[in-house]
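Note sheet for the following structure.
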Amino acid sequence: MAAPGDLPGSEAPAVTVPGSKPSLTEEQCRAIAVRLGDPAERADALAELDGAPFFPVRIWVDLLIDPDLAVRLGALEILEDRAATDLDYDPWEPDPVRRRELWRTWDEWAKSGGKASAQAAPSLGAGAMQSYLRDIVGGDRDKTERALGKMQPYARSAIALIESYLSRQTNPSPGLTARLREAQFRLLLDSVKIPEARRVARDLTSGNRDAKIESLDLLAEATIDVLPLVGESLRDEDPLVRERAMDVLLYIGKAEAVPLAVAHLEKDPDPNVAHAAIRAFGRIEGRESVEALVPYLESEDEDVVSTALQSLSLLGDAARSAKPDIGHCLSHDSWRVRAAALHFLLKTRSDGYQEEILSLLDDPDSFVRSTAVQAALAGTGNRSSDPFGTGSGKEFPKETEEA
């Protein structure tokens, strides 16, 4: 067979390897090699290769000297997996004559039978990992894509290696840090099959605000495996990005993510991020959410206090059992806080605040008075059958009587 090499008139030795009758044609192998470099096509390409009854050794070896770099890269990846070595072949070599010289070692391997190595192991060695890491650090997009493709089956180890490398850099440039973070994000996103993983990883590391928020929106339906990535977005300089990251963190992680959120809020001064967490806590049933919300009842910010009360109102039995002290909220200067506290008592049917509820029947704010009437009629704050209390002397507000 004429080799698909790049020297006019030259031919690779036509060797027939016993048992290697190709089940894939040369064009099919070339197409598979190219598709390996496309994240959207990679899994299907590997499945097509694995489904073939025989491994066409001669075709794959000859494709190592194809004029198309993408073909050479894919062919070398497939042959490396089979032989457990790259035989020091460099598919990036620009000189076709030099490439053919390097190819001779693979040619001899094919002539000897091209058998799979018994030493092939389901993991990459340290040397190979370091080689792929150098490709990523180098910044060449094609080399980075090939390196990520080779690292993908061992994503956890690769992510840890990148993190170790980054932690050893005393003063890494922003560009280097972004490339390494993008590589980590990409490995993680590909492993959990996030659509458009390449774009999402790029946008989360170097996109603008809108791109980052849009990418976080895509992660909202992902599995809990992406929480480390969302956690990185909580470190973003833009508070709006952090706000959305907090939403996604608690939406995905639920009760397991509450301690992470609380720890972050201790260091993040932005009120919007806090509000995002407070709202989200109300959607996560359980003691963890109640314990996270109660401290916010002491805030000097009336918006924070009223939002915390609203979220506690959604937590039902867990909030009632915790018996948070809301007495000061019922006498708060803000009518919104007083109304939210009454609403909490209504929704959770908590008791112990009968006198406070009755006093709010005379509140200067009509909405507070109306809510106090509802609480009193519902028996909230009082276990007796007489919600107003015997001899209390309290009457319905005039607007309630007229209604």
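So you can find residues: chains in the structure tokens are A, B, ... in the order shown, residues in each start at 1, and ligands are numbered from 1 in order.
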task = Name all residues at most 12 Å from A:Glu145 (count only C-alpha atoms; drop same-chain ones fewer than 5 positions away) and give them as a ChimeraX atom specification.
result = /A:34-39,42,70,73-74,132-133,135-140,150-152,179,182-183,186-187,198
inquiry  = What's around A:Gly282 at 6 Å? Count only C-alpha atoms, leave out sequence neighbours fewer than 3 positions away in its own chain, and write the answer as a VMD selection string.
reply    = chain A and resid 279 311 314
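Minimum distance to A:Pro53 across A:Glu214, A:Ser23, A:Arg336, A:Leu249 (counting only C-alpha atoms) occurs at A:Ser23.
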